[in-house]
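First up is the structure itself, then whatever we jot down about it.
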Amino acid sequence: MQMSMREPLDDAVHGAGPTITLRQIGAAIARRKRTVILCTLLGAVAAYAMATTVRSKYAAEVALISDASLSGIVEQQFGDPARQADPSATQTIVETIGSNIIIRRAIGSLPEDILQKLRSDANVDEQMATAVLPEGSAPEALETLETSLISRFMASGLEVNNSGQSYTIYVRYRASDPLVAAAVANAVASAYLTYLAELKRNGYATSLANLARELTTLKAELQNAERTAQTMREQMRLLAARSEALTGRQQDEAIAQSAELFSRQREAEREAEAAAVVYERLLLNERDVQSRIDAPQLNVYLFAPAVVPTRPSGFNAKPAILLLGVLAGFLIGTSIALMRRRETAPKPGAASASVRP
């Protein structure tokens with residue numbers, strides 16, 4: 001009894017309003033069913049309109065092998081079989097695949113219909129219309145600006161990663177169009193492999209040019225050494241023919257001269273032999289480089305190209321938006337029903353006045 005007297009007193013002192021029970025909420029909803037249903041439908045319609053603006057994302061993925069020889073995928077004809085794996089090599093590949101030069105090369109290899117979709121998604125026309133360019137800019141400047149805008153947009157949807165415990169590198173691209181996602185992922189992977197082959201081909205070309213210069217120099221040295229050795233042989237032969245007719249002191253001088261010529265001959269022969277060994281080795285290197293320059297072997301191999309995805313990737317927000325819209329409409333309708341119930345409910349003072357005689 002004391003507790004029941006204190007609760008109204010505390011409510012009056014602290015200004016607490018009357019509590020609402022679930023029975024009262026149910027009664028208000030039953031009384032204002034049309035209002036609650038109408039608000040719920042309006043919330044569902046608004047959520048559906050909002051959900052239609054949310055574009056689903058499709059992800060296409062390319063699998064690359066960073067070191068195919070060590071992973072056992074392929075066997076390379078050239079290379080050191082005792083070479084050890086470098087953990088930083090795979091991470092370097094991951095970082096360079098997403099570089100600007102690879103993305104720009106990928107843009108150049110994309111078909112025109114895919115480029116048009118990328119321009120539309122990146123709002124290239126609007127950005128170029130608001131861009132400030134110097135007066136009289138060449139068409140090349142506009143093309144460079146357009147490529148920069150597309151590459152920036154592509155970089156935002158590109159993801160290159162590696163678990164750190166394998167040689168597999170995943171090149172993933174997300175787009176609202178599944179065809180664009182697959183085309184861009186394949187284009188980026190192909191652009192990287194092509195660029196890597198060009199770098200190796202350029203390195204082989206530089207090595208081949210250096211070898212050609214060394215071979216030219218060494219060939220001249222080898223010819224001079226062989227010419228000197230042959231000259232010494234002829235002088236030895238002539239000296240031997242003349243020494244038979246010599247006697248006494250002249251014969252001693254001929255022997256000393258013959259010994260000196262023999263020493264010079266052996267030295268020239270050794271120089272010619274050494275130059276010939278180096279020359280043959282450089283020739284083999286030149287043939288080796290020439291065999292690689294047309295079809296350079298890469299450590300990175302394409303393992304699985306991207307296919308066109310059939311389902312959106314990631315979290316699908318549309319059902320959640322619809323559910324939240326329906327729930328928000330229902331709560332708004334319930335709130336309106338409770339407010340109308342409170343407005344139409346009789347006040348306590350008026351009820352007590354009507355009871356008095």
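Lettering and numbering for the structure tokens are positional, with chains as A, B, ... in the shown order, residues counted from 1 in each chain, and ligands counted from 1 in the shown order.
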Please identify all polymer residues within 12 Å of Thr228 (chain A), counting only C-alpha atoms, omitting same-chain residues fewer than 5 positions from it, and present them as a PDB file with N, CA and C atoms, in the first residue's frame.
ATOM      1  N   GLU A 221      91.490  -8.983 -81.012  1.00  0.00           N
ATOM      2  CA  GLU A 221      92.616  -9.429 -80.180  1.00  0.00           C
ATOM      3  C   GLU A 221      93.014 -10.861 -80.524  1.00  0.00           C
ATOM      4  N   LEU A 222      92.024 -11.711 -80.774  1.00  0.00           N
ATOM      5  CA  LEU A 222      92.322 -13.095 -81.122  1.00  0.00           C
ATOM      6  C   LEU A 222      93.061 -13.180 -82.453  1.00  0.00           C
ATOM      7  N   GLN A 223      92.638 -12.397 -83.419  1.00  0.00           N
ATOM      8  CA  GLN A 223      93.331 -12.406 -84.709  1.00  0.00           C
ATOM      9  C   GLN A 223      94.772 -11.923 -84.574  1.00  0.00           C
ATOM     10  N   ARG A 233     106.207 -18.735 -85.498  1.00  0.00           N
ATOM     11  CA  ARG A 233     106.454 -20.061 -86.052  1.00  0.00           C
ATOM     12  C   ARG A 233     107.279 -19.963 -87.344  1.00  0.00           C
ATOM     13  N   GLU A 234     106.924 -19.023 -88.201  1.00  0.00           N
ATOM     14  CA  GLU A 234     107.666 -18.855 -89.453  1.00  0.00           C
ATOM     15  C   GLU A 234     109.102 -18.428 -89.197  1.00  0.00           C
ATOM     16  N   GLN A 235     109.288 -17.523 -88.233  1.00  0.00           N
ATOM     17  CA  GLN A 235     110.648 -17.103 -87.911  1.00  0.00           C
ATOM     18  C   GLN A 235     111.462 -18.264 -87.345  1.00  0.00           C
ATOM     19  N   LEU A 261     112.763 -16.607 -79.714  1.00  0.00           N
ATOM     20  CA  LEU A 261     111.602 -16.713 -80.601  1.00  0.00           C
ATOM     21  C   LEU A 261     110.616 -17.768 -80.119  1.00  0.00           C
ATOM     22  N   PHE A 262     111.132 -18.879 -79.574  1.00  0.00           N
ATOM     23  CA  PHE A 262     110.251 -19.922 -79.070  1.00  0.00           C
ATOM     24  C   PHE A 262     109.438 -19.434 -77.876  1.00  0.00           C
ATOM     25  N   ARG A 264     108.603 -16.287 -77.254  1.00  0.00           N
ATOM     26  CA  ARG A 264     107.594 -15.349 -77.759  1.00  0.00           C
ATOM     27  C   ARG A 264     106.481 -16.107 -78.489  1.00  0.00           C
ATOM     28  N   GLN A 265     106.836 -17.192 -79.161  1.00  0.00           N
ATOM     29  CA  GLN A 265     105.824 -17.987 -79.851  1.00  0.00           C
ATOM     30  C   GLN A 265     104.854 -18.636 -78.861  1.00  0.00           C
ATOM     31  N   ARG A 266     105.391 -19.197 -77.753  1.00  0.00           N
ATOM     32  CA  ARG A 266     104.541 -19.839 -76.758  1.00  0.00           C
ATOM     33  C   ARG A 266     103.634 -18.806 -76.083  1.00  0.00           C
ATOM     34  N   GLU A 267     104.189 -17.641 -75.825  1.00  0.00           N
ATOM     35  CA  GLU A 267     103.366 -16.594 -75.206  1.00  0.00           C
ATOM     36  C   GLU A 267     102.223 -16.183 -76.126  1.00  0.00           C
ATOM     37  N   ALA A 268     102.536 -16.012 -77.426  1.00  0.00           N
ATOM     38  CA  ALA A 268     101.487 -15.654 -78.384  1.00  0.00           C
ATOM     39  C   ALA A 268     100.455 -16.767 -78.515  1.00  0.00           C
ATOM     40  N   GLU A 269     100.894 -18.030 -78.470  1.00  0.00           N
ATOM     41  CA  GLU A 269      99.956 -19.141 -78.560  1.00  0.00           C
ATOM     42  C   GLU A 269      99.038 -19.198 -77.340  1.00  0.00           C
ATOM     43  N   ARG A 270      99.638 -18.964 -76.127  1.00  0.00           N
ATOM     44  CA  ARG A 270      98.807 -18.952 -74.930  1.00  0.00           C
ATOM     45  C   ARG A 270      97.778 -17.828 -74.969  1.00  0.00           C
ATOM     46  N   GLU A 271      98.208 -16.661 -75.437  1.00  0.00           N
ATOM     47  CA  GLU A 271      97.259 -15.558 -75.570  1.00  0.00           C
ATOM     48  C   GLU A 271      96.154 -15.895 -76.574  1.00  0.00           C
ATOM     49  N   ALA A 272      96.531 -16.540 -77.660  1.00  0.00           N
ATOM     50  CA  ALA A 272      95.528 -16.915 -78.657  1.00  0.00           C
ATOM     51  C   ALA A 272      94.564 -17.968 -78.092  1.00  0.00           C
TER      52      ALA A 272
END
TODO: For Pro178 (chain A), please output as a VMD selection string all residues within 12 Å (counting only C-alpha atoms; exclusion window: fewer than 2 positions along the same chain).
DONE: chain A and resid 55 to 61 114 117 173 to 176 180 to 185 306 to 313
TODO: Check the smallest atom-to-atom distance from each of A:Met232, A:Ala259, A:Leu215, A:Met50 to Val277 (chain A) using only C-alpha atoms, then report the winner.
DONE: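 Using only C-alpha atoms, Val277 (chain A) sits closest to A:Leu215.
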Task: Closest of A:Thr19, A:Thr206, A:Ser156, A:Asn186 to Leu110 (chain A) - atom-to-atom distances counting only C-alpha atoms - done: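 Distance minimum relative to Leu110 (chain A) lands on A:Asn186.
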